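Here's the structure, in structure tokens; my notes come after.
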Amino acid sequence: MATPILSLRQVNKSFGPVHVLKDVNFHAYAGKVTALVGDNGAGKSTLIKCIAGIYTPETGEFLFEGKKVTIAGPRDATALGIEIVYQDLALCDNLDIVHNMFLGREEKSGVTLNESHMESLAKKTLDGLSVRTVKSIRQKVASLSGGQRQTVAIARAVLWNSKVVILDEPTAALGVAQTEQVLKLVRQLADNGLAVIVISHNLNDVFQVADNIAAMYLGTMAAQVEKKSVSPSDVVKLITTGKSEAVSGTTK
Amino acid sequence: MSEQITIEKSLRDWASRVKAGQVGALPAILGLLVLCIAFSSQSSVFLTPGNFANLLTQAAAITVIAMGLVFVLLLGEIDLSAGYAAGVCGAILVIMITEMDYAWYLALPASILIGVVLGAFIGYLVAQLRIPSFVVTLATFLAFQGLLLLLVSEGGTIRIEDPTILAVQNKNLPVTASWIFFALTAGVYVLSGLWKFARRRKAGLVDNLFKFWLIKTAILVSLGCLATLALTVERSNNPDLVSLRGIPFVVPVILVLLVGATFVLSRTSFGLHLYAVGGNAEAARRAGINVKMVRISAFMICSGFAAVAGMIFVSRANSVSPTTGGSSTLLYAVGAAVIGGTSLFGGKGKVSDAILGGLVVAVIDNGMALLGYPAGIKFMVTGGVLLLSASIDAFSRRGATAT
Ligand SMILES: Nc1ncnc2c1ncn2[C@@H]1O[C@H](COP(=O)(O)OP(=O)(O)O)[C@@H](O)[C@H]1O
Ligand SMILES: [Mg+2]
């Protein structure tokens with residue numbers, strides 16, 4: 001397999017006496033979708049928060065594009081080109097699509113907002129994702145459907161020439177058609193060359209969209225494998241017991 | 001795309017926005033229209049130039065407080081002490097000029113600065129300690145009332161004789177200057193709008209709102225022209241003795257505040273951040289916005305506006321008293337902002353809403369007084385109108401999220 005764009009080695013994270021991440025290894029590859037699966041409380045959210053710089057692990061190594069890096073805060077992660085789409089999306093309903101995409105990082109000319117520049121960039125990004133579902137990018141986010149909101153949140157993440165995009169349960173709140181649309185979008189991000197990490201509970205989604213599957217079990221990385229080498233039942237075993245006969249030679 | 005379709009489309013866009021609950025200023029405009037028609041049919045005085053000028057000066061102070069309140073309301077917060085902040089700052093202005101002999105151009109900035117500091121104090125308690133603004137400003141409401149009482153001393157009033165301060169509410173622009181003022185305002189408004197659309201077109205963005213803007217601008221400019229015409233007519237009962245013509249000085253004062261505040265809210269990052277914090281504070285925080293600073297700044301701006309309103313109060317009354325900015329002032333100001341279309345839930349509103357709402361409140365006050373209704377009825381009607389606007393607000397919020 002190619003060299004990963006992002007690698008975590010032997011990461012440990014505790015909250016007080018609770019040892020949440022135990023010697024976790026994890027890799028994300030440019031152009032690939034890596035699904036992060038695991039039961040509730042397995043440590044998925046904690047792991048991505050370490051990547052995003054929200055938590056700092058006690059021990060462990062981060063390699064980004066082959067070089068050792070430290071991610072001490074959210075700004076470090078953003079500077080490397082790592083973006084997160086949170087499960088609750090973190091959109092402002094009362095702002096339009098353009099303003100949501102640029103919130104906190106507005107384009108300015110002098111002291112004033114450069115609205116037309118932001119609008120063109122937002123349009124280009126949305127067009128690049130071949131999303132044609134929104135009527136106007138000046139409409140308020142409140143008037144969008146769940147899938148459209150997810151699209152806006154994803155578009156915001158890829159707007160910044162980001163290299164790694166992490167999505168936390170992107171389809172959890174969506175219907176069938178919208179799930180399909182978002183999964184297509186996830187696939188496309190990877191096809192555009194991004195490293196995509198998707199947390200998901202839905203193995204159907206995982207098998208439809210992922211290239212690699214990383215399964216966590218009680219704070220350990222049970223296995224990170226290529227999708228084509230496993231069956232859904234193998235993954236279920238990994239999630240529930242932490243091992244599976246089918247997965248011996250994992251890419252740890 | 002043909003012209004016909006563009007107009008139709010822009011109207012349809014607008015209609016769907018109204019249906020989606022983004023009614024904006026529409027109810028206030030309709031309300032103002034209905035009130036004006038009703039009062040002018042009942043009273044022969046209501047629609048005279050004299051009463052019109054009177055109405056503007058009556059509405060001025062409350063409108064300015066309401067404009068400042070918009071910043072706080074945008075965050076979903078409230079400042080109950082804005083009225084007495086106006087009183088305190090007005091008292092400081094009068095004391096500095098009358099008792100300490102400072103020039104107005106030193107005393108006025110000083111009183112505004114003190115307003116801003118009061119706002120910073122409130123903002124700190126709300127943003128840093130997360131005490132609900134309702135409670136903090138209820139406390140400062142009492143405290144400022146007490147402070148005003150101490151400054152002015154019970155039962156007393158302090159007169160102000162500074163001609164510049166008095167001119168704001170008692171003098172008018174000369175007729176020629178009034179027309180120049182109108183032409184300048186209209187010109188800048190039209191040009192800045194045209195410039196915005198030209199820039200967008202250059203960036204390759206199509207617009208279906210241009211026709212809509214044209215119609216709106218035509219209506220606004222005609223109304224402005226009509227108002228200037230009415231205000232430049234002689235309105236003195238005894239023109240030989242004293243002539244009374246021109247736009248009251250307070251109008252350009254409010255206009256400058258309006259332009260400045262609208263610029264900040266609609267063209268700068270800070271303005272966008274205010275809306276963002278009001279819409280979803282957590283999302284704003286994750287986007288890297290300094291939510292605390294935004295909150296504190298909003299309260300500072302609100303109290304700064306209140307200080308300007310304090311100046312307008314003392315200019316109109318020629319003095320400051322322990323009740324300046326008291327009684328129904330704050331409630332009328334909140335009413336003005338909400339009636340104009342600012343949401344009490346945060347995230348939605350414009351400074352121009354406050355002007356529209358301020359006019360509605362003043363028209364009710366003025367019209368009912370002309371018709372001889374007692375103050376009790378006036379309060380009840382204004383309260384009813386506020387309740388109606390708040391209901392429209394709550395209702396349109398539901399419309400906006402039901403998708
Ligand atoms: N901030 C925290 N403080 C203490 N314990 C935490 C904290 N965040 C997560 N945990 C614990 O860490 C474990 C893993 O949680 P999490 O990463 O959210 O799991 P997942 O996202 O896989 O469901 C859980 O047992 C949870 O209780
Ligand atoms: Mg989780």
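Residues are named by chain letter and number: chains run A, B, ... in the order of the structure tokens, numbers start at 1 in each chain, and ligands are numbered from 1 in the order shown.
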Which residues are near ligand 2 - at most 10 Å, using only C-alpha atoms and all ligand atoms? Format: as a compact mmCIF listing (two decimals) with N, CA and C atoms, in the first residue's frame.
# COMPACT_ATOMS: atom_id res chain seq x y z
N GLY A 38 -16.62 1.02 15.14
CA GLY A 38 -16.43 0.58 16.52
C GLY A 38 -17.70 0.83 17.31
N ASP A 39 -17.87 0.07 18.38
CA ASP A 39 -19.06 0.21 19.20
C ASP A 39 -19.05 1.56 19.93
N ASN A 40 -20.19 1.89 20.51
CA ASN A 40 -20.24 3.12 21.31
C ASN A 40 -19.22 3.05 22.43
N GLY A 41 -18.45 4.10 22.59
CA GLY A 41 -17.47 4.14 23.67
C GLY A 41 -16.15 3.51 23.30
N ALA A 42 -16.01 3.07 22.05
CA ALA A 42 -14.76 2.42 21.64
C ALA A 42 -13.61 3.41 21.57
N GLY A 43 -13.92 4.68 21.37
CA GLY A 43 -12.87 5.70 21.34
C GLY A 43 -12.73 6.40 20.00
N LYS A 44 -13.71 6.23 19.10
CA LYS A 44 -13.62 6.84 17.77
C LYS A 44 -13.57 8.36 17.85
N SER A 45 -14.53 8.92 18.58
CA SER A 45 -14.58 10.38 18.67
C SER A 45 -13.32 10.93 19.32
N THR A 46 -12.85 10.24 20.35
CA THR A 46 -11.63 10.69 21.03
C THR A 46 -10.46 10.68 20.05
N LEU A 47 -10.39 9.63 19.22
CA LEU A 47 -9.29 9.54 18.26
C LEU A 47 -9.31 10.71 17.28
N ILE A 48 -10.49 11.02 16.72
CA ILE A 48 -10.50 12.11 15.74
C ILE A 48 -10.30 13.46 16.42
N LYS A 49 -10.71 13.56 17.68
CA LYS A 49 -10.45 14.82 18.38
C LYS A 49 -8.96 15.01 18.63
N GLN A 87 -20.65 16.00 13.70
CA GLN A 87 -21.93 15.33 13.54
C GLN A 87 -23.09 16.34 13.54
N ASP A 168 -17.81 12.98 10.93
CA ASP A 168 -18.34 12.22 12.06
C ASP A 168 -19.80 11.86 11.78
N GLU A 169 -20.05 10.58 11.55
CA GLU A 169 -21.41 10.08 11.30
C GLU A 169 -22.18 10.94 10.31
N ILE A 199 -16.41 8.33 10.16
CA ILE A 199 -16.90 7.52 11.28
C ILE A 199 -18.30 7.07 10.92
N SER A 200 -18.58 5.80 11.07
CA SER A 200 -19.94 5.36 10.74
C SER A 200 -20.32 4.16 11.58
N HIS A 201 -21.61 4.05 11.84
CA HIS A 201 -22.16 2.90 12.53
C HIS A 201 -22.80 1.95 11.53
- request: Define the interface residues of chain B facing chain A as those within 8 Å, counting only C-alpha atoms, and report them as an MDAnalysis selection string.
  value: chainID B and resid 20 199:200 203:205 267:269 272:273 275:276 279:280 282:284 286:289 347:348 400:401 403
field: Secondary structure check, strand (DSSP E or B) residues of segment 99-282 of chain B, as an MDAnalysis selection string
entry: chainID B and resid 158:159 172 248 268
Shell around Asp365 of chain B at 9 Å using only C-alpha atoms, local window under 5 positions removed, as a list in words: Val360, Leu370, Ala375, Lys378, Phe379 and Thr382 of chain B
Save the residues we just selected, N, CA and C atoms, as a JSON list (two decimals), in the first residue's frame?
[["chain", "number", "residue", "atom", "x", "y", "z"],
["B", 360, "VAL", "N", -43.16, 53.69, 14.22],
["B", 360, "VAL", "CA", -44.46, 53.11, 14.58],
["B", 360, "VAL", "C", -44.83, 53.52, 16.00],
["B", 370, "LEU", "N", -53.09, 63.17, 19.91],
["B", 370, "LEU", "CA", -53.86, 64.14, 19.13],
["B", 370, "LEU", "C", -55.35, 63.86, 19.23],
["B", 375, "ALA", "N", -53.21, 58.64, 28.58],
["B", 375, "ALA", "CA", -51.93, 57.91, 28.51],
["B", 375, "ALA", "C", -52.14, 56.41, 28.75],
["B", 378, "LYS", "N", -52.89, 54.69, 25.64],
["B", 378, "LYS", "CA", -51.70, 54.70, 24.79],
["B", 378, "LYS", "C", -50.76, 53.56, 25.15],
["B", 379, "PHE", "N", -50.50, 53.41, 26.46],
["B", 379, "PHE", "CA", -49.61, 52.34, 26.92],
["B", 379, "PHE", "C", -50.17, 50.97, 26.51],
["B", 382, "THR", "N", -49.76, 50.41, 22.76],
["B", 382, "THR", "CA", -48.36, 50.14, 22.41],
["B", 382, "THR", "C", -47.96, 48.74, 22.87]]
- request: Within 7 Å of Lys292 of chain B, counting only C-alpha atoms, which residues show up once you throw out same-chain ones fewer than 3 positions away? Write them as a count of residues only, please.
  value: 4
query: If you measure from atom CA of Lys32 of chain A to atom CA of Arg149 of chain A, what distance in Å do you get, rounded to one decimal?
result: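 These two atoms are separated by 23.5 Å.
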query: So which bits of segment 20-250 of chain A end up alpha helix (DSSP H) when you DSSP the backbone, as JSON, numbers by chain?
result: {"A": [44, 45, 46, 47, 48, 49, 50, 51, 52, 74, 75, 76, 77, 78, 79, 80, 97, 98, 99, 100, 101, 102, 115, 116, 117, 118, 119, 120, 121, 122, 123, 124, 125, 126, 127, 128, 146, 147, 148, 149, 150, 151, 152, 153, 154, 155, 156, 157, 158, 176, 177, 178, 179, 180, 181, 182, 183, 184, 185, 186, 187, 188, 189, 190, 191, 203, 204, 205, 206, 207, 208, 209, 232, 233, 234, 235, 236, 237, 238, 239, 240, 241]}
- request: Mind giving me the straight-line distance from atom CA of Val225 of chain A to atom 24 (C, counted along the ligand's line) of ligand 1 in Å, one decimal?
  value: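 Rounded to one decimal, the two atoms are 23.7 Å apart.
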field: Exercise: Ile339 of chain B partners within 9 Å, only C-alpha atoms, chain neighbours under 5 positions left out, as a PyMOL selection string
entry: chain B and resi 25+27-28+334+353-354+356-358+360-361+385-390+393
task: Could you give me, as a ChimeraX atom specification, the residues within 9 Å of Val11 of chain A, counting only C-alpha atoms and dropping anything in the same chain fewer than 5 positions from it?
output: /A:21-26,47,57-62
Can those selected residues be exported to a file as an mmCIF file, in the first residue's frame so that it contains N, CA and C atoms?
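Saved to selection.cif:
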data_model
loop_
_atom_site.group_PDB
_atom_site.id
_atom_site.type_symbol
_atom_site.label_atom_id
_atom_site.label_comp_id
_atom_site.auth_asym_id
_atom_site.auth_seq_id
_atom_site.Cartn_x
_atom_site.Cartn_y
_atom_site.Cartn_z
ATOM 1 N N LEU A 21 -7.608 5.684 24.863
ATOM 2 C CA LEU A 21 -6.918 5.186 23.670
ATOM 3 C C LEU A 21 -5.666 4.443 24.124
ATOM 4 N N LYS A 22 -5.542 3.183 23.651
ATOM 5 C CA LYS A 22 -4.419 2.357 24.103
ATOM 6 C C LYS A 22 -3.551 1.964 22.911
ATOM 7 N N ASP A 23 -2.394 2.554 22.828
ATOM 8 C CA ASP A 23 -1.431 2.235 21.759
ATOM 9 C C ASP A 23 -2.092 2.140 20.384
ATOM 10 N N VAL A 24 -2.820 3.169 20.050
ATOM 11 C CA VAL A 24 -3.589 3.127 18.801
ATOM 12 C C VAL A 24 -2.712 3.515 17.611
ATOM 13 N N ASN A 25 -2.780 2.701 16.556
ATOM 14 C CA ASN A 25 -2.168 3.050 15.273
ATOM 15 C C ASN A 25 -3.282 3.332 14.282
ATOM 16 N N PHE A 26 -3.069 4.330 13.446
ATOM 17 C CA PHE A 26 -4.120 4.649 12.481
ATOM 18 C C PHE A 26 -3.491 5.335 11.279
ATOM 19 N N LEU A 47 -10.386 9.629 19.221
ATOM 20 C CA LEU A 47 -9.291 9.538 18.263
ATOM 21 C C LEU A 47 -9.311 10.714 17.285
ATOM 22 N N PRO A 57 -2.862 13.880 22.993
ATOM 23 C CA PRO A 57 -2.556 12.580 23.589
ATOM 24 C C PRO A 57 -1.307 12.659 24.461
ATOM 25 N N GLU A 58 -1.216 11.748 25.451
ATOM 26 C CA GLU A 58 -0.052 11.759 26.351
ATOM 27 C C GLU A 58 1.188 11.267 25.620
ATOM 28 N N THR A 59 1.011 10.161 24.908
ATOM 29 C CA THR A 59 2.151 9.649 24.150
ATOM 30 C C THR A 59 1.687 9.309 22.741
ATOM 31 N N GLY A 60 2.665 9.134 21.860
ATOM 32 C CA GLY A 60 2.319 8.768 20.492
ATOM 33 C C GLY A 60 2.929 9.712 19.493
ATOM 34 N N GLU A 61 2.968 9.245 18.244
ATOM 35 C CA GLU A 61 3.643 9.991 17.191
ATOM 36 C C GLU A 61 2.659 10.307 16.079
ATOM 37 N N PHE A 62 2.724 11.538 15.562
ATOM 38 C CA PHE A 62 1.911 11.911 14.400
ATOM 39 C C PHE A 62 2.851 12.126 13.223
#
query: Which one is closest to His27 of chain A: A:Met216, A:Ala195, A:Leu174, A:Ile239? Count only C-alpha atoms.
result: A:Ala195
Give me the residues within 8 Å of segment 45-50 of chain B as a tab-separated table (two decimals) with N, CA, C and O atoms, in the first residue's frame, counting only C-alpha atoms and dropping any in the same chain fewer than 4 places off.
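New file selection.tsv:
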chain	number	residue	atom	x	y	z
B	39	PHE	N	-54.97	57.62	11.51
B	39	PHE	CA	-54.85	58.87	12.28
B	39	PHE	C	-55.15	60.09	11.44
B	39	PHE	O	-55.78	61.04	11.90
B	40	SER	N	-54.72	60.06	10.16
B	40	SER	CA	-54.96	61.26	9.36
B	40	SER	C	-56.44	61.38	9.01
B	40	SER	O	-56.93	62.49	8.74
B	54	ASN	N	-42.49	67.31	14.47
B	54	ASN	CA	-42.66	67.00	15.88
B	54	ASN	C	-42.48	65.51	16.15
B	54	ASN	O	-41.80	65.08	17.09
B	230	ALA	N	-42.03	68.29	2.70
B	230	ALA	CA	-42.91	68.63	3.83
B	230	ALA	C	-42.15	69.41	4.90
B	230	ALA	O	-42.68	70.35	5.49
B	231	LEU	N	-40.90	69.04	5.11
B	231	LEU	CA	-40.14	69.67	6.19
B	231	LEU	C	-39.59	71.05	5.81
B	231	LEU	O	-39.19	71.81	6.68
B	233	VAL	N	-41.43	73.21	4.15
B	233	VAL	CA	-42.56	74.14	4.16
B	233	VAL	C	-42.53	74.91	5.49
B	233	VAL	O	-42.13	74.35	6.51
B	235	ARG	N	-43.61	76.02	8.87
B	235	ARG	CA	-44.54	75.39	9.79
B	235	ARG	C	-44.73	76.21	11.07
B	235	ARG	O	-45.29	75.74	12.06
B	236	SER	N	-44.28	77.45	11.05
B	236	SER	CA	-44.49	78.32	12.20
B	236	SER	C	-45.87	78.95	12.11
B	236	SER	O	-46.37	79.26	11.02
B	367	GLY	N	-50.29	60.12	17.52
B	367	GLY	CA	-51.65	60.11	16.97
B	367	GLY	C	-52.69	59.99	18.07
B	367	GLY	O	-53.70	60.69	18.05
B	370	LEU	N	-53.09	63.17	19.91
B	370	LEU	CA	-53.86	64.14	19.13
B	370	LEU	C	-55.35	63.86	19.23
B	370	LEU	O	-56.17	64.77	19.26
